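K.L.:
A single structure is presented below for examination.
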Amino acid sequence: MARISASVYTSHVPAIGAAFDHGKTGEPYWQKVFAGYEFSKQWLKQHKPDVIFLVFNDHATAFSLEMIPTFAIGTAAEYAVADEGWGPRPVPKVTGHPELASHIAQSVIQQDFDLTIVNKMDVDHGLTVPLSLMCGQTDAWPCPVIPFAVNVVQYPVPSGKRCFMLGQAIRKAVESYDAPLNVQIWGTGGMSHQLQGPRAGLINAEWDNRFLDRLIAEPAALAELPHIDYVREAGSEGIELVMWLIARGAMADVAGGPPPSVAHRFYHVPASNTAVGHLILENPA
Ligand code: DHB
Ligand code: FE
C-alpha cells in the first residue's frame, strides 16, 4: 500500500521565485532566505518521494471570481506553469499522477468531503515557489505532483479544523491505494503577512513561532483556532496557514501512531512582505 512518509511546510513568496529566476539567490538580502533551504534540498534528494501531494493556493490565476472551488484536486497528467503577468516562470512543467489523484478524489469524497475535480489548471507561484525552494535549479521536478488547491483568497474560506480533518481523510485515501508508493504531503503559504489596507506589512514573529511549536506538538488544539485569529494576529494573507493543517492532519500521530520527528525548522523575516517559515516532519518508518 502507499504511505505518507513525511510532510513539508513552506511559505511561497513570489519575489523568492523572481530572485531564484534572475540569479539573485546569493545577494545578501536573499542569501539569508535561501540558506534556510540548503538542508532541505539535500534532504529531498535523500528522501525522494514517488509522489508529492502539494497543498497550495491559487492567487486568482487559474480561478477567478467566476469560479471559486473551496478544495480542488488536480487529476490531470500535466500542468503548465502560469503566466502571472511577467510571463511563465522558467521552471519545468508539472507532471501529475492521474491514477493516485483519482483514487484520492474517490476516497475523500466518499469520506464526505466535497472536492472539485480539476483536469486543466495552470499552476502559479503558490505551487512553483515551494518546488523551487525544495529542489533548486532543475530541468525536471523529482517526481509527479498532485496539486491540491485551497481557497484562502475569497471569503468564505475553510476553517483550520476542516483542513485538519481533510488531512486525515487524505491519509486514509493514500493508505488505501494499492501500490507501494512513498508519498510526501506539502502544506504551503503563510506565514504572517498582510498585503493590503492600513495594516499592510504586518509581521508577527512571536505568533508565527508559536504556530510552528503548536503545529509540531499539538496540531489538534491548533486546528480549533478560528479564522479571525489568523487574520488578526498573522494578517489578512496569514490565513494561508490553514493549508499547513491539511498536511499536518495527514501525519501518522493524528491517527494514533507515533509522533513525527522534526528533521528541519527555519524561520526568517523578511522576504518581500512575508515572514518565511519552513518545517520538515518525518513519520517514523
Ligand atoms: C507576497 C506574499 C504572498 O503570499 C503572495 O501570494 C503574494 C505576495 C509578498 O510577500 O509580497
Ligand atoms: Fe500567497
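Every chain in the C-alpha cells has a letter given in the order shown (A, B, ...), and although residue numbers restart at 1 in each chain, ligands are simply numbered from 1 in the order shown.
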May I ask you to write as a ChimeraX atom specification all residues lying at most 8 Å from ligand 1, with only C-alpha atoms and all ligand atoms counted?

P.N.:
/A:11-15,59,125-126,189-190,193-195,237,240,271-275

K.L.:
Contacts between segment 89-106 of chain A and segment 9-67 of chain A, please, where a residue of segment 9-67 of chain A counts if it comes within 8 Å (with only C-alpha atoms); show its shortest atom pair and distance in Å to one decimal, rows by chain and ascending number, as CSV.

P.N.:
residue,atom,partner,partner_atom,distance
A:Gly17,CA,A:Arg89,CA,7.7
A:Asp21,CA,A:Pro90,CA,6.9
A:Val51,CA,A:His97,CA,7.6

K.L.:
Measure the distance from atom CA of Thr10 of chain A to atom CA of Val152 of chain A in Å and round it to one decimal.

P.N.:
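Computing the Euclidean distance for atom CA of Thr10 of chain A and atom CA of Val152 of chain A yields 15.8 Å.
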
K.L.:
So how many Å separate atom CA of Pro88 of chain A and atom CA of Val123 of chain A, to one decimal?

P.N.:
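Interatomic distance, atom CA of Pro88 of chain A to atom CA of Val123 of chain A: 9.6 Å.
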
K.L.:
Would you return as JSON, numbers by chain the members of segment 76-133 of chain A that DSSP assigns to helix (DSSP H, G or I) on this structure's backbone?

P.N.:
{"A": [98, 99, 100, 101, 102, 103, 104, 105, 106, 107, 108, 109, 110, 125, 126, 127, 128, 129, 130, 131, 132, 133]}
